$ cat protein22.cif   # mmCIF, C-alpha atoms and all ligand atoms
data_target
loop_
_atom_site.label_atom_id
_atom_site.label_comp_id
_atom_site.auth_asym_id
_atom_site.auth_seq_id
_atom_site.Cartn_x
_atom_site.Cartn_y
_atom_site.Cartn_z
CA MET A 1 7.68 15.43 -7.57
CA ILE A 2 6.18 14.00 -4.40
CA ASN A 3 6.48 10.25 -4.10
CA LEU A 4 4.55 9.01 -1.10
CA ILE A 5 4.31 5.53 0.31
CA LEU A 6 1.02 5.21 2.15
CA PHE A 7 1.79 2.44 4.57
CA GLY A 8 0.00 0.34 7.15
CA PRO A 9 -1.53 -3.07 7.80
CA PRO A 10 -4.52 -4.39 5.84
CA GLY A 11 -7.61 -2.50 6.97
CA SER A 12 -5.70 0.54 8.23
CA GLY A 13 -7.50 2.83 5.77
CA LYS A 14 -4.85 3.28 3.08
CA GLY A 15 -7.30 3.03 0.16
CA THR A 16 -9.80 5.42 1.76
CA GLN A 17 -7.14 8.01 2.56
CA ALA A 18 -5.36 7.62 -0.79
CA ALA A 19 -8.60 8.60 -2.56
CA LYS A 20 -8.69 11.87 -0.59
CA LEU A 21 -4.95 12.55 -0.82
CA LEU A 22 -4.71 12.19 -4.59
CA GLU A 23 -7.30 14.96 -4.96
CA ARG A 24 -5.56 17.27 -2.55
CA TYR A 25 -2.01 16.76 -3.86
CA ASN A 26 -2.87 15.86 -7.45
CA LEU A 27 -0.92 12.60 -7.45
CA LEU A 28 -1.40 9.30 -9.25
CA HIS A 29 -2.62 6.58 -6.89
CA ILE A 30 -1.04 3.19 -7.56
CA SER A 31 -2.42 0.32 -5.48
CA THR A 32 -0.78 -3.02 -6.27
CA GLY A 33 -3.80 -4.80 -4.73
CA ASP A 34 -6.13 -2.94 -7.13
CA LEU A 35 -3.82 -3.72 -10.05
CA PHE A 36 -3.87 -7.42 -9.16
CA ARG A 37 -7.68 -7.39 -8.82
CA SER A 38 -7.97 -5.75 -12.22
CA GLU A 39 -5.68 -8.43 -13.74
CA ILE A 40 -7.86 -11.10 -12.10
CA GLY A 41 -11.00 -9.42 -13.48
CA ASN A 42 -9.47 -9.45 -16.97
CA GLY A 43 -8.59 -13.12 -16.61
CA THR A 44 -4.91 -12.57 -17.44
CA GLU A 45 -2.12 -15.02 -16.71
CA LEU A 46 -0.65 -12.58 -14.17
CA GLY A 47 -4.06 -12.34 -12.49
CA LEU A 48 -4.39 -16.09 -12.29
CA LYS A 49 -0.98 -16.36 -10.67
CA ALA A 50 -1.65 -13.54 -8.20
CA LYS A 51 -5.02 -14.97 -7.19
CA SER A 52 -3.51 -18.17 -5.83
CA TYR A 53 -1.50 -16.10 -3.33
CA MET A 54 -4.15 -13.49 -2.57
CA ASP A 55 -6.77 -16.11 -1.70
CA LYS A 56 -4.48 -17.36 1.07
CA GLY A 57 -3.45 -13.90 2.25
CA GLU A 58 0.12 -14.54 1.11
CA LEU A 59 2.30 -12.06 -0.75
CA VAL A 60 2.55 -12.35 -4.52
CA PRO A 61 6.23 -13.01 -5.41
CA ASP A 62 8.43 -9.93 -5.61
CA GLU A 63 9.44 -10.30 -9.27
CA VAL A 64 5.78 -10.40 -10.39
CA THR A 65 4.79 -7.46 -8.20
CA ILE A 66 7.79 -5.27 -9.01
CA GLY A 67 7.41 -5.85 -12.78
CA MET A 68 3.73 -4.89 -12.66
CA LEU A 69 4.42 -1.77 -10.56
CA GLU A 70 7.23 -0.61 -12.85
CA ASN A 71 4.97 -1.01 -15.89
CA LYS A 72 2.32 1.17 -14.28
CA VAL A 73 4.85 3.89 -13.46
CA GLU A 74 6.37 3.74 -16.97
CA GLN A 75 2.90 4.12 -18.49
CA ASN A 76 2.28 7.31 -16.47
CA PRO A 77 5.40 9.47 -16.62
CA ASP A 78 3.71 12.87 -16.79
CA VAL A 79 2.35 13.17 -13.28
CA LYS A 80 3.19 15.36 -10.29
CA GLY A 81 4.08 12.27 -8.26
CA TYR A 82 2.75 8.98 -7.00
CA ILE A 83 0.95 7.61 -3.97
CA PHE A 84 2.09 4.03 -3.59
CA ASP A 85 -0.54 2.07 -1.67
CA GLY A 86 0.19 -1.52 -0.64
CA PHE A 87 3.66 -1.28 -2.17
CA PRO A 88 6.43 -1.86 -1.17
CA ARG A 89 5.55 -4.77 1.11
CA THR A 90 9.03 -6.31 1.33
CA VAL A 91 12.53 -4.84 1.60
CA PRO A 92 13.49 -6.09 -1.90
CA GLN A 93 10.41 -4.24 -3.24
CA ALA A 94 11.55 -1.08 -1.43
CA GLU A 95 15.04 -1.42 -2.89
CA ALA A 96 13.57 -1.93 -6.37
CA LEU A 97 11.39 1.17 -5.93
CA ASP A 98 14.36 3.28 -4.81
CA LYS A 99 16.37 2.04 -7.77
CA MET A 100 13.60 2.77 -10.24
CA LEU A 101 12.99 6.29 -8.88
CA GLY A 102 16.75 6.90 -8.65
CA GLY A 103 17.00 6.13 -12.37
CA LYS A 104 14.64 9.07 -12.93
CA GLN A 105 16.53 11.41 -10.57
CA GLN A 106 13.71 11.01 -8.08
CA ALA A 107 13.28 9.49 -4.64
CA VAL A 108 10.67 8.45 -2.11
CA SER A 109 9.63 11.66 -0.31
CA SER A 110 8.12 9.99 2.73
CA LEU A 111 6.63 6.77 4.02
CA VAL A 112 3.52 7.68 5.99
CA ALA A 113 2.36 4.79 8.14
CA LEU A 114 -1.13 4.45 9.61
CA THR A 115 -1.13 2.68 12.97
CA VAL A 116 -4.20 0.64 13.98
CA ASP A 117 -4.42 -2.18 16.52
CA ASP A 118 -5.18 -5.77 15.43
CA GLU A 119 -8.66 -5.99 16.97
CA GLU A 120 -9.79 -2.89 15.10
CA LEU A 121 -8.22 -4.14 11.85
CA ILE A 122 -10.07 -7.47 12.04
CA GLN A 123 -13.39 -5.71 12.70
CA ARG A 124 -12.86 -3.26 9.84
CA LEU A 125 -11.89 -6.02 7.39
CA LEU A 126 -14.87 -8.20 8.32
CA ASN A 127 -17.15 -5.18 7.89
CA ARG A 128 -15.56 -4.31 4.56
CA GLY A 129 -16.03 -7.94 3.48
CA LYS A 130 -19.81 -7.49 3.68
CA THR A 131 -19.70 -5.11 0.72
CA SER A 132 -16.24 -5.24 -0.91
CA GLY A 133 -16.83 -8.47 -2.80
CA ARG A 134 -13.29 -9.44 -1.75
CA SER A 135 -13.03 -13.06 -0.62
CA ASP A 136 -9.86 -12.21 1.32
CA ASP A 137 -12.00 -9.87 3.50
CA THR A 138 -14.56 -12.51 4.50
CA ASN A 139 -12.43 -15.42 5.66
CA ILE A 140 -11.15 -14.85 9.22
CA ASP A 141 -8.14 -17.15 8.69
CA THR A 142 -7.10 -15.22 5.56
CA ILE A 143 -7.51 -11.93 7.42
CA LYS A 144 -5.37 -13.13 10.32
CA ASN A 145 -2.75 -14.43 7.91
CA ARG A 146 -2.60 -11.07 6.10
CA ILE A 147 -1.98 -9.30 9.42
CA GLN A 148 0.70 -11.86 10.32
CA VAL A 149 2.39 -11.52 6.91
CA TYR A 150 2.37 -7.75 7.44
CA LYS A 151 4.19 -8.20 10.75
CA ASN A 152 6.65 -10.79 9.43
CA ASN A 153 7.56 -9.25 6.07
CA THR A 154 6.21 -5.76 5.69
CA THR A 155 7.02 -3.85 8.88
CA ALA A 156 10.68 -4.15 7.83
CA VAL A 157 9.88 -1.69 5.03
CA ALA A 158 9.00 0.98 7.62
CA ASP A 159 12.31 0.27 9.41
CA TYR A 160 14.13 0.54 6.08
CA TYR A 161 12.77 4.06 5.42
CA ASN A 162 13.00 5.01 9.11
CA SER A 163 16.75 4.37 8.92
CA LYS A 164 16.80 6.95 6.09
CA ASP A 165 14.73 9.39 8.24
CA LYS A 166 11.86 9.11 5.80
CA ALA A 167 9.20 7.34 7.88
CA VAL A 168 6.43 9.00 9.90
CA PHE A 169 3.74 7.29 11.94
CA VAL A 170 0.18 8.59 12.14
CA ASP A 171 -2.61 7.43 14.44
CA GLY A 172 -5.07 5.60 12.18
CA ILE A 173 -7.92 5.56 14.70
CA GLY A 174 -10.60 8.26 14.44
CA SER A 175 -12.91 9.67 11.80
CA ILE A 176 -11.85 9.64 8.14
CA ASP A 177 -11.50 13.42 8.21
CA GLU A 178 -9.48 13.45 11.43
CA ILE A 179 -7.04 10.90 10.04
CA PHE A 180 -6.87 12.79 6.74
CA SER A 181 -5.91 15.99 8.60
CA ARG A 182 -3.17 14.16 10.50
CA LEU A 183 -1.79 12.79 7.23
CA CYS A 184 -1.85 16.22 5.57
CA VAL A 185 0.16 17.75 8.41
CA GLU A 186 2.93 15.23 7.72
CA ILE A 187 2.72 15.35 3.93
CA ASP A 188 2.78 19.16 3.86
CA LYS A 189 6.26 18.94 5.40
CA VAL A 190 7.58 17.20 2.27
CA ALA A 191 5.22 18.55 -0.40
P1 LIG A 201 -4.36 -5.08 -0.73
O1 LIG A 201 -5.46 -4.68 -1.67
O2 LIG A 201 -3.25 -4.09 -0.68
O3 LIG A 201 -4.89 -5.45 0.64
O4 LIG A 201 -3.72 -6.41 -1.33
C1 LIG A 201 -4.46 -7.60 -1.47
C2 LIG A 201 -3.52 -8.76 -1.72
O5 LIG A 201 -2.78 -8.54 -2.94
C3 LIG A 201 -2.44 -8.98 -0.66
O6 LIG A 201 -2.92 -9.75 0.44
C4 LIG A 201 -1.38 -9.72 -1.47
O7 LIG A 201 -1.75 -11.08 -1.67
C5 LIG A 201 -1.46 -9.02 -2.81
N1 LIG A 201 -0.54 -7.86 -2.87
C6 LIG A 201 -0.89 -6.54 -2.99
N2 LIG A 201 0.21 -5.76 -3.03
C7 LIG A 201 1.27 -6.59 -2.91
C8 LIG A 201 2.68 -6.39 -2.85
N3 LIG A 201 3.22 -5.15 -2.90
N4 LIG A 201 3.47 -7.48 -2.75
C9 LIG A 201 2.96 -8.73 -2.71
N5 LIG A 201 1.64 -8.99 -2.73
C10 LIG A 201 0.80 -7.94 -2.83
#

$ encode --input "protein22.cif" --output "structure tokens" --more "lines below"
Ligand code: AMP
Amino acid sequence: MINLILFGPPGSGKGTQAAKLLERYNLLHISTGDLFRSEIGNGTELGLKAKSYMDKGELVPDEVTIGMLENKVEQNPDVKGYIFDGFPRTVPQAEALDKMLGGKQQAVSSLVALTVDDEELIQRLLNRGKTSGRSDDTNIDTIKNRIQVYKNNTTAVADYYNSKDKAVFVDGIGSIDEIFSRLCVEIDKVA
């Protein structure tokens, strides 16, 4: 099994690269943001709860997020591995992921982090907002808050896996194909 965490701030290209990586490595892509948006679209109670946080660019509480993620993994046991995108975003989420995988005699193979500077992130998110239909991509205050929340809460996840020698950092500036090649070089080392 390969269990990858595709990591990076909002707008760093995780979704775009995950779509290419899952084809190449034949993995199941699990994006907690996509799962929340689907819950919102279906008008579920979980979706309603998540929306109140997402609209402000805040993190959805850990217990809600972890429960949803674990359900998704449990529903898809027969895969070659997972690409976790947008999860874990806090150290307790990382610990929960390690525990869940450990219970299946598995582990995180690598956290691959895309690095992109703030100015570029804001431009990319505003551009994406023109077509994504995501309200959290159109409001500049929400965008800035998401980047701040990433710095305050989420970068600690990279430190957590770095301390286990499982984190690699990849330049997230360039063409989609260039960045994809850089990611593949790193992933091939653990695949
Ligand atoms: P994303 O699609 O990954 O940019 O996520 C959009 C929004 O969903 C985030 O700004 C959070 O409000 C929420 N979200 C997604 N994943 C998580 C997570 N792992 N933990 C908490 N909130 C999350």

$ atom_distance --input "protein22.cif" --atom1 "atom CA of Thr44 of chain A" --atom2 "atom CA of Asn145 of chain A"
25.5 Å

$ axis_aligned_box --input "protein22.cif" --around "ligand LIG 201 (chain A)" --padding-each-side "4 Å" --output "lines of an AutoDock Vina configuration file"
center_x = -1.0
center_y = -7.6
center_z = -1.2
size_x = 16.9
size_y = 15.0
size_z = 11.7

$ atom_distance --input "protein22.cif" --atom1 "atom O6 of ligand LIG 201 (chain A)" --atom2 "atom CA of Tyr82 of chain A"
20.9 Å

$ residues_around --input "protein22.cif" --residues "Gly174 of chain A" --least-positions-apart "2" --cutoff "12 Å" --atoms "all atoms listed in the file" --output "list of chain:residue names"
A:Ser12, A:Gly13, A:Leu114, A:Thr115, A:Val116, A:Glu120, A:Val170, A:Asp171, A:Gly172, A:Ile176, A:Asp177, A:Glu178, A:Ile179, A:Phe180, A:Ser181, A:Arg182

$ residues_near_ligand --input "protein22.cif" --ligand "ligand LIG 201 (chain A)" --cutoff "10 Å" --atoms "only C-alpha atoms and all ligand atoms" --output "JSON, numbers by chain"
{"A": [7, 8, 9, 10, 11, 12, 14, 15, 31, 32, 33, 34, 35, 36, 37, 50, 51, 52, 53, 54, 55, 56, 57, 58, 59, 60, 61, 62, 63, 64, 65, 66, 68, 69, 84, 85, 86, 87, 88, 89, 90, 93, 94, 125, 134, 136, 137, 142, 143, 145, 146, 147, 149, 150, 153, 154]}

$ atom_distance --input "protein22.cif" --atom1 "atom CA of Val157 of chain A" --atom2 "atom CA of Ile5 of chain A"
10.3 Å

$ closest_residue --input "protein22.cif" --among "A:Asn162, A:Ser109, A:Ser175, A:Asn139" --to "Lys189 of chain A" --atoms "all atoms listed in the file"
A:Ser109

$ residues_near_point --input "protein22.cif" --point "(1.9, 18.2, -1.6)" --cutoff "12 Å" --atoms "all atoms listed in the file" --output "PDB file with C-alpha atoms, keeping the file's coordinate frame"
ATOM      1  CA  MET A   1       7.680  15.430  -7.570  1.00  0.00           C
ATOM      2  CA  ILE A   2       6.180  14.000  -4.400  1.00  0.00           C
ATOM      3  CA  ASN A   3       6.480  10.250  -4.100  1.00  0.00           C
ATOM      4  CA  LEU A   4       4.550   9.010  -1.100  1.00  0.00           C
ATOM      5  CA  LEU A  21      -4.950  12.550  -0.820  1.00  0.00           C
ATOM      6  CA  LEU A  22      -4.710  12.190  -4.590  1.00  0.00           C
ATOM      7  CA  GLU A  23      -7.300  14.960  -4.960  1.00  0.00           C
ATOM      8  CA  ARG A  24      -5.560  17.270  -2.550  1.00  0.00           C
ATOM      9  CA  TYR A  25      -2.010  16.760  -3.860  1.00  0.00           C
ATOM     10  CA  ASN A  26      -2.870  15.860  -7.450  1.00  0.00           C
ATOM     11  CA  LEU A  27      -0.920  12.600  -7.450  1.00  0.00           C
ATOM     12  CA  LYS A  80       3.190  15.360 -10.290  1.00  0.00           C
ATOM     13  CA  GLY A  81       4.080  12.270  -8.260  1.00  0.00           C
ATOM     14  CA  TYR A  82       2.750   8.980  -7.000  1.00  0.00           C
ATOM     15  CA  ILE A  83       0.950   7.610  -3.970  1.00  0.00           C
ATOM     16  CA  SER A 109       9.630  11.660  -0.310  1.00  0.00           C
ATOM     17  CA  SER A 110       8.120   9.990   2.730  1.00  0.00           C
ATOM     18  CA  LEU A 183      -1.790  12.790   7.230  1.00  0.00           C
ATOM     19  CA  CYS A 184      -1.850  16.220   5.570  1.00  0.00           C
ATOM     20  CA  VAL A 185       0.160  17.750   8.410  1.00  0.00           C
ATOM     21  CA  GLU A 186       2.930  15.230   7.720  1.00  0.00           C
ATOM     22  CA  ILE A 187       2.720  15.350   3.930  1.00  0.00           C
ATOM     23  CA  ASP A 188       2.780  19.160   3.860  1.00  0.00           C
ATOM     24  CA  LYS A 189       6.260  18.940   5.400  1.00  0.00           C
ATOM     25  CA  VAL A 190       7.580  17.200   2.270  1.00  0.00           C
ATOM     26  CA  ALA A 191       5.220  18.550  -0.400  1.00  0.00           C
TER      27      ALA A 191
END

$ closest_residue --input "protein22.cif" --among "A:Leu6, A:Ile122, A:Gln75, A:Thr138" --to "Ala158 of chain A" --atoms "all atoms listed in the file"
A:Leu6

$ residues_near_point --input "protein22.cif" --point "(6.0, 2.9, -15.8)" --cutoff "12 Å" --atoms "only C-alpha atoms" --output "ChimeraX atom specification"
/A:28,30,66-79,82,97,100-101,103-104
